[in-house]
file input-v1.txt (compact mmCIF, C-alpha atoms)
# COMPACT_ATOMS: atom_id res chain seq x y z
CA MET A 198 88.90 -206.67 42.96
CA LYS A 199 86.86 -205.42 40.02
CA ILE A 200 86.99 -208.84 38.41
CA ILE A 201 85.73 -210.54 41.56
CA THR A 202 82.88 -208.05 41.84
CA THR A 203 81.94 -208.68 38.22
CA ILE A 204 81.99 -212.45 38.76
CA LEU A 205 79.76 -212.15 41.81
CA ALA A 206 77.36 -209.81 40.03
CA THR A 207 77.23 -212.18 37.06
CA LEU A 208 76.49 -215.19 39.24
CA LEU A 209 73.82 -213.28 41.10
CA MET A 210 72.15 -212.19 37.87
CA SER A 211 72.41 -215.73 36.54
CA LEU A 212 70.57 -217.03 39.56
CA VAL A 213 67.83 -214.44 39.12
CA LEU A 214 67.55 -215.23 35.42
CA CYS A 215 67.49 -218.96 36.09
CA GLN A 216 64.60 -218.44 38.50
CA GLN A 217 62.71 -216.47 35.84
CA ALA A 218 63.53 -218.95 33.08
CA SER A 219 62.17 -221.80 35.13
CA ALA A 220 58.79 -220.12 35.73
CA GLN A 221 57.38 -220.79 32.29
CA LEU A 222 59.02 -223.84 30.82
CA ASP A 223 57.36 -224.58 27.51
CA GLU A 224 54.18 -224.20 25.52
CA GLU A 225 52.43 -226.12 22.77
CA THR A 226 49.52 -225.22 20.50
CA VAL A 227 46.72 -227.21 18.94
CA HIS A 228 44.42 -225.84 16.24
CA ILE A 229 40.65 -226.07 16.64
CA GLY A 230 38.22 -225.57 13.79
CA PHE A 231 34.62 -226.34 12.92
CA SER A 232 31.93 -224.91 10.70
CA LEU A 233 28.29 -224.01 11.19
CA PRO A 234 26.45 -224.67 7.93
CA GLU A 235 23.75 -222.55 6.30
CA VAL A 236 20.28 -223.64 7.36
CA ALA A 237 16.90 -222.78 5.78
CA LEU A 238 13.94 -224.76 7.15
CA MET A 239 10.32 -223.75 7.46
CA ASP A 240 6.96 -225.34 8.13
CA VAL A 241 3.40 -224.38 9.03
CA GLU A 242 2.05 -225.70 12.29
CA TYR A 243 -1.67 -225.97 12.90
CA ILE A 244 -4.28 -227.68 15.02
CA GLY A 245 -6.80 -229.70 13.08
CA ASN A 246 -6.70 -230.72 9.45
CA GLY A 247 -4.95 -227.66 8.07
CA THR A 248 -8.01 -226.46 6.16
CA ILE A 249 -9.85 -223.19 6.49
CA GLU A 250 -13.40 -222.94 5.22
CA PHE A 251 -15.13 -219.77 4.11
CA GLU A 252 -18.75 -219.35 3.19
CA LEU A 253 -20.23 -216.68 0.96
CA SER A 254 -23.81 -216.20 2.07
CA PRO A 255 -26.47 -213.75 0.96
CA SER A 256 -27.17 -210.68 3.00
CA ALA A 257 -29.86 -210.91 5.63
CA GLU A 258 -31.52 -207.90 4.14
CA SER A 259 -32.68 -207.56 0.57
CA GLY A 260 -30.37 -205.32 -1.44
CA GLY A 261 -27.41 -205.89 0.90
CA SER A 262 -24.09 -207.28 -0.25
CA PRO A 263 -23.22 -210.94 0.39
CA VAL A 264 -21.24 -211.73 3.50
CA VAL A 265 -18.02 -213.80 3.66
CA ARG A 266 -17.78 -215.79 6.88
CA GLN A 267 -14.92 -217.94 8.10
CA LEU A 268 -16.47 -221.23 9.25
CA THR A 269 -13.46 -222.79 10.90
CA SER A 270 -11.22 -220.98 13.33
CA GLN A 271 -7.89 -222.70 13.36
CA GLU A 272 -4.51 -221.37 14.34
CA PHE A 273 -1.77 -221.47 11.75
CA TRP A 274 1.79 -220.62 12.76
CA ILE A 275 4.87 -220.36 10.56
CA ASN A 276 8.01 -221.80 12.20
CA TYR A 277 11.46 -221.47 10.70
CA SER A 278 15.15 -222.09 11.41
CA SER A 279 17.59 -219.98 9.46
CA ALA A 280 21.38 -219.59 9.51
CA LEU A 281 22.85 -217.15 7.03
CA GLY A 282 26.39 -216.75 5.78
CA LYS A 283 28.30 -213.63 6.79
CA PHE A 284 27.52 -211.68 3.63
CA SER A 285 24.21 -213.30 2.67
CA PRO A 286 21.13 -211.11 2.33
CA ASP A 287 18.16 -211.57 4.65
CA ARG A 288 15.49 -214.10 3.81
CA SER A 289 11.76 -213.75 3.23
CA ILE A 290 8.72 -215.98 3.35
CA VAL A 291 6.50 -215.71 0.31
CA ALA A 292 2.98 -217.07 -0.17
CA GLN A 293 1.11 -217.99 -3.34
CA ILE A 294 -1.89 -220.01 -4.48
CA SER A 295 -0.30 -223.14 -5.80
CA GLY A 296 -3.29 -225.37 -6.46
CA GLY A 297 -6.87 -224.58 -7.49
CA THR A 298 -8.18 -221.12 -8.18
CA LEU A 299 -9.97 -218.49 -6.23
CA PRO A 300 -13.55 -217.94 -7.50
CA GLU A 301 -13.95 -214.89 -9.70
CA GLY A 302 -14.77 -211.67 -7.94
CA LEU A 303 -13.03 -212.71 -4.67
CA GLU A 304 -9.63 -211.82 -3.27
CA LEU A 305 -7.56 -213.66 -0.66
CA TYR A 306 -5.53 -211.76 1.90
CA ILE A 307 -3.00 -213.13 4.37
CA GLN A 308 -1.57 -211.23 7.29
CA ALA A 309 1.26 -212.65 9.37
CA THR A 310 1.63 -211.33 12.90
CA ASP A 311 4.97 -210.07 14.18
CA TYR A 312 7.16 -212.71 15.73
CA SER A 313 6.46 -214.18 19.15
CA GLY A 314 7.72 -217.34 20.82
CA ASN A 315 10.68 -219.08 22.36
CA GLY A 316 13.21 -218.45 19.62
CA GLU A 317 16.27 -216.26 19.34
CA GLY A 318 18.12 -214.23 16.74
CA LYS A 319 17.06 -211.95 13.94
CA THR A 320 13.48 -213.06 13.28
CA GLY A 321 11.50 -211.55 10.44
CA ALA A 322 8.88 -208.81 10.40
CA SER A 323 5.35 -208.97 9.04
CA VAL A 324 4.71 -207.14 5.78
CA GLY A 325 1.10 -206.58 6.85
CA LYS A 326 -2.02 -207.55 4.94
CA VAL A 327 -0.98 -209.00 1.61
CA LYS A 328 -3.16 -209.93 -1.36
CA VAL A 329 -2.20 -213.42 -2.43
CA GLY A 330 -2.54 -214.80 -5.95
CA SER A 331 -0.74 -217.26 -8.13
CA ASP A 332 2.51 -215.25 -8.00
CA PRO A 333 4.61 -215.42 -4.83
CA ARG A 334 4.22 -212.37 -2.57
CA PRO A 335 6.33 -211.73 0.54
CA ILE A 336 4.39 -211.90 3.81
CA ILE A 337 7.43 -211.91 6.20
CA THR A 338 10.75 -210.21 5.43
CA GLY A 339 14.10 -209.51 7.13
CA ILE A 340 14.79 -213.02 8.40
CA GLY A 341 18.42 -213.31 9.44
CA SER A 342 20.08 -216.03 11.51
CA ALA A 343 17.35 -217.11 13.89
CA TYR A 344 14.97 -219.81 15.04
CA THR A 345 11.37 -219.23 16.07
CA GLY A 346 10.69 -222.13 18.37
CA ASN A 347 8.61 -225.08 17.29
CA GLY A 348 4.84 -225.52 17.28
CA ILE A 349 1.73 -223.45 17.91
CA GLY A 350 2.51 -220.17 19.65
CA ASN A 351 5.98 -219.87 18.09
CA GLY A 352 6.83 -217.82 15.04
CA HIS A 353 4.27 -215.82 13.11
CA GLN A 354 0.54 -216.53 13.27
CA LEU A 355 -1.30 -216.38 9.95
CA ASN A 356 -4.66 -214.71 9.53
CA PHE A 357 -6.77 -215.18 6.41
CA GLU A 358 -9.42 -213.02 4.88
CA ILE A 359 -11.51 -213.23 1.72
CA ASP A 360 -12.98 -210.05 0.32
CA ILE A 361 -15.45 -209.48 -2.47
CA SER A 362 -13.64 -207.31 -5.01
CA GLN A 363 -16.01 -207.45 -7.96
CA MET A 364 -19.59 -208.23 -6.98
CA GLU A 365 -20.71 -208.50 -10.58
CA LYS A 366 -18.41 -211.48 -11.13
CA VAL A 367 -19.45 -213.41 -8.04
CA SER A 368 -21.63 -216.38 -8.90
CA ALA A 369 -23.10 -219.36 -7.08
CA SER A 370 -20.67 -221.87 -8.48
CA GLY A 371 -20.41 -224.44 -5.69
CA ALA A 372 -17.33 -225.30 -3.64
CA HIS A 373 -13.87 -224.17 -4.62
CA ASP A 374 -10.68 -225.58 -3.12
CA PHE A 375 -7.29 -223.96 -3.39
CA THR A 376 -3.94 -224.52 -1.76
CA ILE A 377 -1.53 -221.92 -0.43
CA MET A 378 2.18 -222.60 -0.60
CA TYR A 379 4.77 -220.85 1.59
CA THR A 380 8.43 -220.64 0.65
CA LEU A 381 11.43 -219.49 2.69
CA THR A 382 13.50 -217.71 0.09
CA ASP A 383 16.91 -216.05 -0.01
CA ASN A 384 15.70 -212.67 -1.20
CA MET B 169 86.72 -207.86 27.40
CA LYS B 170 86.50 -210.13 30.45
CA ARG B 171 83.28 -208.42 31.44
CA TYR B 172 81.76 -209.20 28.02
CA THR B 173 82.88 -212.80 28.36
CA PHE B 174 81.00 -213.08 31.62
CA PHE B 175 77.85 -211.67 30.11
CA ILE B 176 78.09 -214.05 27.18
CA LEU B 177 78.52 -216.94 29.63
CA LEU B 178 75.57 -215.62 31.57
CA CYS B 179 73.38 -215.74 28.46
CA PHE B 180 74.44 -219.30 27.64
CA PHE B 181 73.83 -220.31 31.24
CA ALA B 182 70.33 -218.81 31.23
CA LEU B 183 69.46 -220.31 27.86
CA GLY B 184 70.93 -223.65 28.87
CA SER B 185 68.87 -223.80 32.02
CA ARG B 186 65.72 -223.09 29.97
CA ALA B 187 66.54 -225.75 27.41
CA GLN B 188 66.91 -228.32 30.14
CA GLY B 189 63.47 -227.54 31.63
CA LEU B 190 60.31 -229.58 31.30
CA GLN B 191 58.88 -229.67 27.82
CA LEU B 192 55.38 -230.22 26.47
CA SER B 193 54.47 -232.21 23.43
CA LEU B 194 51.07 -232.71 21.82
CA THR B 195 50.09 -235.50 19.48
CA GLY B 196 46.90 -235.98 17.53
CA MET B 197 44.41 -233.45 16.27
CA VAL B 198 41.00 -232.21 17.29
CA THR B 199 38.10 -232.85 14.94
CA PHE B 200 34.48 -232.26 15.78
CA ASN B 201 31.52 -234.40 14.93
CA GLU B 202 29.74 -231.94 12.65
CA VAL B 203 26.95 -234.45 12.02
CA GLN B 204 25.65 -233.22 15.38
CA ILE B 205 25.07 -229.79 13.84
CA ASN B 206 21.58 -230.26 12.45
CA VAL B 207 18.05 -229.03 13.08
CA SER B 208 15.59 -231.72 14.11
CA ASP B 209 12.47 -229.75 13.19
CA PRO B 210 11.83 -226.32 11.61
CA GLY B 211 11.74 -223.71 14.32
CA GLU B 212 14.23 -225.59 16.50
CA ASP B 213 17.79 -224.50 17.25
CA ILE B 214 20.79 -226.73 16.63
CA GLU B 215 22.16 -228.82 19.47
CA ALA B 216 24.01 -226.46 21.79
CA VAL B 217 26.89 -228.87 22.40
CA ILE B 218 29.10 -230.73 19.97
CA THR B 219 31.77 -233.08 21.13
CA ALA B 220 35.09 -233.81 19.53
CA ASN B 221 35.35 -237.23 17.96
CA SER B 222 39.10 -237.22 18.42
CA GLY B 223 41.35 -235.46 20.86
CA VAL B 224 45.00 -234.91 21.59
CA GLN B 225 47.49 -236.42 24.01
CA LEU B 226 49.70 -234.15 26.04
CA SER B 227 53.09 -235.31 27.34
CA VAL B 228 55.42 -233.71 29.86
CA GLU B 229 58.97 -234.56 28.82
CA SER B 230 62.54 -233.66 29.64
CA LEU B 231 66.01 -234.22 28.30
CA ASN B 232 67.14 -234.61 31.86
CA TYR B 233 65.14 -237.48 33.33
CA TRP B 234 67.06 -237.85 36.61
CA GLU B 235 66.85 -234.21 37.59
CA GLN B 236 63.22 -233.73 36.70
CA LYS B 237 61.53 -237.05 37.35
CA ASN B 238 60.04 -235.64 40.56
CA GLU B 239 59.58 -232.05 39.52
CA LYS B 240 56.14 -230.57 40.13
CA TRP B 241 54.44 -228.63 37.37
CA ARG B 242 51.20 -226.94 36.40
CA ILE B 243 49.51 -226.69 33.03
CA TYR B 244 47.69 -223.52 32.02
CA VAL B 245 45.52 -223.16 28.95
CA HIS B 246 44.20 -220.29 26.85
CA LYS B 247 43.08 -219.69 23.30
CA THR B 248 43.93 -217.19 20.62
CA ASN B 249 41.05 -216.57 18.27
CA VAL B 250 41.43 -216.73 14.55
CA GLU B 251 37.67 -216.53 13.87
CA TRP B 252 35.45 -216.96 16.89
CA ALA B 253 32.22 -215.67 18.47
CA ASP B 254 32.07 -214.53 22.08
CA ASP B 255 28.98 -216.65 22.72
CA ILE B 256 30.68 -219.92 21.81
CA LYS B 257 32.39 -221.71 24.67
CA LEU B 258 35.30 -224.00 23.91
CA GLU B 259 35.89 -226.46 26.73
CA VAL B 260 38.57 -229.01 27.57
CA ARG B 261 39.03 -231.76 30.12
CA ARG B 262 41.64 -234.33 31.02
CA GLN B 263 40.28 -237.79 30.26
CA GLY B 264 42.96 -239.81 31.96
CA ASP B 265 46.23 -239.76 33.90
CA GLY B 266 48.60 -240.71 31.09
CA ASP B 267 51.61 -242.98 31.67
CA LYS B 268 54.57 -242.42 33.96
CA LEU B 269 57.82 -242.39 32.06
CA ASN B 270 60.00 -245.42 32.91
CA LYS B 271 57.60 -246.44 35.67
CA LYS B 272 54.55 -248.61 35.91
CA GLY B 273 51.13 -247.13 36.49
CA GLY B 274 49.33 -243.94 35.67
CA GLY B 275 50.74 -240.47 35.98
CA ASN B 276 50.61 -238.43 39.13
CA VAL B 277 48.16 -235.75 37.94
CA HIS B 278 45.38 -233.82 39.63
CA ASP B 279 42.44 -231.58 38.64
CA GLY B 280 41.16 -230.83 35.15
CA SER B 281 38.95 -233.90 34.85
CA THR B 282 35.72 -231.97 34.26
CA PHE B 283 35.05 -229.71 31.30
CA ALA B 284 36.21 -226.14 31.84
CA GLU B 285 36.01 -223.20 29.48
CA ILE B 286 39.15 -222.20 27.63
CA LYS B 287 39.35 -218.44 27.86
CA ASP B 288 41.43 -215.84 26.10
CA ASN B 289 43.66 -215.45 29.16
CA PRO B 290 45.70 -218.32 30.62
CA THR B 291 43.80 -220.23 33.30
CA TYR B 292 44.92 -223.13 35.44
CA PHE B 293 44.04 -226.53 33.91
CA PHE B 294 45.74 -229.31 35.88
CA ARG B 295 48.93 -230.15 37.78
CA GLY B 296 51.22 -233.10 38.18
CA MET B 297 54.66 -234.37 39.06
CA GLY B 298 57.42 -235.87 36.99
CA LEU B 299 57.51 -236.97 33.41
CA ILE B 300 54.19 -238.27 32.06
CA SER B 301 53.26 -239.19 28.55
CA ASN B 302 49.97 -239.41 26.64
CA ILE B 303 47.60 -237.56 28.96
CA PRO B 304 44.38 -237.71 26.92
CA LEU B 305 42.52 -234.43 26.43
CA ASP B 306 38.93 -234.11 25.29
CA PHE B 307 37.36 -231.01 23.75
CA ARG B 308 33.80 -229.87 23.26
CA ILE B 309 32.01 -226.77 22.00
CA ASN B 310 29.15 -225.34 24.01
CA GLU B 311 26.40 -222.78 23.53
CA LEU B 312 26.16 -223.08 19.78
CA SER B 313 23.10 -221.53 18.17
CA LEU B 314 21.73 -220.82 14.72
CA SER B 315 21.57 -217.17 15.73
CA LEU B 316 25.38 -217.08 15.40
CA GLY B 317 24.99 -217.52 11.65
CA ALA B 318 26.79 -219.82 9.26
CA ASN B 319 30.56 -219.47 9.54
CA GLU B 320 33.89 -221.22 9.89
CA PHE B 321 35.23 -220.88 13.43
CA GLU B 322 38.90 -221.31 14.30
CA ALA B 323 41.08 -220.86 17.34
CA ASP B 324 44.50 -221.96 18.54
CA VAL B 325 44.59 -223.53 21.98
CA VAL B 326 47.84 -222.91 23.85
CA PHE B 327 49.00 -225.15 26.69
CA THR B 328 51.75 -223.76 28.90
CA ILE B 329 53.72 -225.66 31.53
CA TYR B 330 55.02 -223.86 34.61
CA ASP B 331 57.14 -224.90 37.55
CA ASP B 332 54.97 -225.56 40.55

call {"tool": "encode", "arguments": {"input": "input-v1.txt", "output": "structure tokens"}}
result
Amino acid sequence: MKIITTILATLLMSLVLCQQASAQLDEETVHIGFSLPEVALMDVEYIGNGTIEFELSPSAESGGSPVVRQLTSQEFWINYSSALGKFSPDRSIVAQISGGTLPEGLELYIQATDYSGNGEGKTGASVGKVKVGSDPRPIITGIGSAYTGNGIGNGHQLNFEIDISQMEKVSASGAHDFTIMYTLTDN
Amino acid sequence: MKRYTFFILLCFFALGSRAQGLQLSLTGMVTFNEVQINVSDPGEDIEAVITANSGVQLSVESLNYWEQKNEKWRIYVHKTNVEWADDIKLEVRRQGDGDKLNKKGGGNVHDGSTFAEIKDNPTYFFRGMGLISNIPLDFRINELSLSLGANEFEADVVFTIYDD
């Protein structure tokens, strides 16, 4: 009797197990892989010819200091696309005078605004008003993996200012041209 | 002793029934067209979607053709992440019906013909009946962005067949 009970119990359990075994029959795996590369691209967008003109004119009153006036009002915007590796440090944008020289007695300042636009990610922050010379100086720091959006109104707007630093060295020496270079750098 | 013999037989019976079930096989490999990952202009993001330039073929097979030639089944799919980002969507679709085994014409398969996200938990992909070989599968990656950072991303995609 015991043997018959055991046989019946075994068959019953077999049926249950068979039902369970047939639920999931098999599985197969395929490996997927791809890589996102590092990216570091930057440009300056502007309306017009990309030139800013300043004029140093005498004071309206005798004995007053000369006045520096910006003759052209153009918008300049820095756009960038940046993808950093996992352990890479943030990037910066540096500016320097790369061609020509600033007339003696004058100083050039650049101030980038904080980021605005249609981008996404870890965009950089403005350093504030920065005196620019022939050596590169950071104007935007803390750029991670991000993109600013393309064109005017995206990224960081640039504002320029020329100050008289040493009046005694300022002379009427005609027109001076100089070029400012911007570099997206790894540190 | 007899009782143990029965249990041993039971195990063999259960294992045997599993071994005789429908089986999956995959051929080919998935490679993505990484040329698509570029920035057209500074300030722009990368293309959000990259498509695979080769896919895999999935076959439903059996050692027991006569018993399972009309068996209904369902395929589920999920992924296990090796290195992945939550924002990236991996998607798959069935590009064709495959070939019926020992019969003329395409396989009897339904659903799964539009791209659907492969999630971390098994989700229904498509269903069919009988033994069908070389069902072509196409993969793509969606919602890529530079803001994810430069990295190597990897995942294993698991296809599971169930009785329907």

call {"tool": "interface_residues", "arguments": {"input": "input-v1.txt", "of": "chain A", "to": "chain B", "cutoff": "7 Å", "atoms": "only C-alpha atoms", "output": "PyMOL selection string"}}
result
chain A and resi 203+207+211+214-215+218-235+238-240+276-283+317-318+342-347

call {"tool": "closest_residue", "arguments": {"input": "input-v1.txt", "among": "A:Ala372, A:Met378, A:Ile307, A:Val367", "to": "A:Pro333", "atoms": "all atoms listed in the file"}}
result
A:Met378

call {"tool": "atom_distance", "arguments": {"input": "input-v1.txt", "atom1": "atom CA of A:Ser259", "atom2": "atom CA of A:Ser362"}}
result
19.8 Å

call {"tool": "closest_residue", "arguments": {"input": "input-v1.txt", "among": "B:Lys268, B:Arg262, B:Lys240, B:Val217", "to": "B:Phe294", "atoms": "only C-alpha atoms"}}
result
B:Arg262

call {"tool": "atom_distance", "arguments": {"input": "input-v1.txt", "atom1": "atom CA of A:Glu252", "atom2": "atom CA of A:Ser331"}}
result
21.4 Å

call {"tool": "atom_distance", "arguments": {"input": "input-v1.txt", "atom1": "atom CA of A:Tyr243", "atom2": "atom CA of A:Ile275"}}
result
8.9 Å

call {"tool": "residues_near_point", "arguments": {"input": "input-v1.txt", "point": "(12.8, -207.3, 13.8)", "cutoff": "12 Å", "atoms": "all atoms listed in the file", "output": "PDB file with C-alpha atoms, keeping the file's coordinate frame"}}
result
ATOM      1  CA  ASP A 287      18.160-211.570   4.650  1.00  0.00           C
ATOM      2  CA  THR A 310       1.630-211.330  12.900  1.00  0.00           C
ATOM      3  CA  ASP A 311       4.970-210.070  14.180  1.00  0.00           C
ATOM      4  CA  TYR A 312       7.160-212.710  15.730  1.00  0.00           C
ATOM      5  CA  SER A 313       6.460-214.180  19.150  1.00  0.00           C
ATOM      6  CA  GLU A 317      16.270-216.260  19.340  1.00  0.00           C
ATOM      7  CA  GLY A 318      18.120-214.230  16.740  1.00  0.00           C
ATOM      8  CA  LYS A 319      17.060-211.950  13.940  1.00  0.00           C
ATOM      9  CA  THR A 320      13.480-213.060  13.280  1.00  0.00           C
ATOM     10  CA  GLY A 321      11.500-211.550  10.440  1.00  0.00           C
ATOM     11  CA  ALA A 322       8.880-208.810  10.400  1.00  0.00           C
ATOM     12  CA  SER A 323       5.350-208.970   9.040  1.00  0.00           C
ATOM     13  CA  VAL A 324       4.710-207.140   5.780  1.00  0.00           C
ATOM     14  CA  ILE A 337       7.430-211.910   6.200  1.00  0.00           C
ATOM     15  CA  THR A 338      10.750-210.210   5.430  1.00  0.00           C
ATOM     16  CA  GLY A 339      14.100-209.510   7.130  1.00  0.00           C
ATOM     17  CA  ILE A 340      14.790-213.020   8.400  1.00  0.00           C
ATOM     18  CA  GLY A 341      18.420-213.310   9.440  1.00  0.00           C
ATOM     19  CA  SER A 342      20.080-216.030  11.510  1.00  0.00           C
ATOM     20  CA  ALA A 343      17.350-217.110  13.890  1.00  0.00           C
TER      21      ALA A 343
END

call {"tool": "axis_aligned_box", "arguments": {"input": "input-v1.txt", "around": "stretch 228-244 of chain A", "padding_each_side": "5 Å", "output": "lines of an AutoDock Vina configuration file"}}
result
center_x = 20.1
center_y = -225.1
center_z = 11.2
size_x = 58.7
size_y = 15.1
size_z = 20.9

call {"tool": "closest_residue", "arguments": {"input": "input-v1.txt", "among": "A:Leu355, A:Ala292, A:Val327, A:Leu253", "to": "A:His373", "atoms": "all atoms listed in the file"}}
result
A:Leu253

call {"tool": "closest_residue", "arguments": {"input": "input-v1.txt", "among": "B:Asp306, B:Glu235, B:Glu311, B:Glu229", "to": "B:Val260", "atoms": "only C-alpha atoms"}}
result
B:Asp306

call {"tool": "closest_residue", "arguments": {"input": "input-v1.txt", "among": "A:Gly316, A:Pro255, A:Pro300, A:Pro335", "to": "A:Gly348", "atoms": "all atoms listed in the file"}}
result
A:Gly316
